[in-house]
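Each remark here refers to the structure printed beneath this line.
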Amino acid sequence: MAEDTRNYIEQTQARAVAYEGKELSPEEMSLQFAKADIHERVNILDQLDRDLAGGGELTLTEAARMHDYVGALRRTHEVLRRAKR
């Protein structure tokens, strides 16, 4: 089986569609993200940074959408980090 090359956002959206029949909003995704421990959250954010820095071509709409999701994940991480979680 081939390795899944989708990023966290793409993987989470695919699971949401399979389970719920719709994609998650940035706020809903941040709730899923909050379930991860600090090490996993940092790894996810680092991977998203690498994907965005070296990533392929994104349309303006795709870039804006990614910005919304990554921003929601970062805000959630900061709140949890300050709470020592």
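Letters for chains follow the order of the structure tokens (A, B, ...), residue numbers begin at 1 for each chain, and ligand numbers begin at 1 in the order shown.
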Could you pull the residues within 9 Å of Met29 (chain A), counting only C-alpha atoms, minus those fewer than 2 positions along the same chain, as a PyMOL selection string? chain A and resi 9+12-13+24-27+31-34+69+72-73
What is the CA of Leu52 (chain A) to CA of Arg75 (chain A) distance in Å? 17.6 Å
Would you pick out the contacts of Asn7 (chain A) at 8 Å or less, using only C-alpha atoms, so that residues sharing its chain but fewer than 4 positions from it are not included, and give the list as a PyMOL selection string? chain A and resi 11+47-48+51
Just to be explicit: take each residue in the selection above, keep C-alpha atoms, and write the result as a PDB file, in the first residue's frame.
ATOM      1  CA  GLN A  11      -6.584  13.704   5.739  1.00  0.00           C
ATOM      2  CA  GLN A  47       4.582  19.475   8.605  1.00  0.00           C
ATOM      3  CA  LEU A  48       1.996  22.046   7.511  1.00  0.00           C
ATOM      4  CA  ASP A  51       4.066  21.787   2.999  1.00  0.00           C
TER       5      ASP A  51
END
Write out as a PyMOL selection string all residues of chain A that backbone DSSP assigns to alpha helix (DSSP H). chain A and resi 8-20+26-33+38-54+60-82
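If only C-alpha atoms are the atoms counted, then among A:Thr5, A:Arg85, A:Val70, A:Ala18 the closest residue to Asp46 (chain A) is A:Val70.
Between CA of Thr76 (chain A) and CA of Glu28 (chain A) lies a distance of 11.0 Å.
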With only C-alpha atoms as the atoms that count, which of A:Asp37, A:Val42, A:Ser30, A:Ala83 lies nearest to Gly71 (chain A)? A:Ser30
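With distances restricted to only C-alpha atoms, A:His77 is the closest residue to Leu45 (chain A) from A:His67, A:Arg15, A:His77, A:Lys22.
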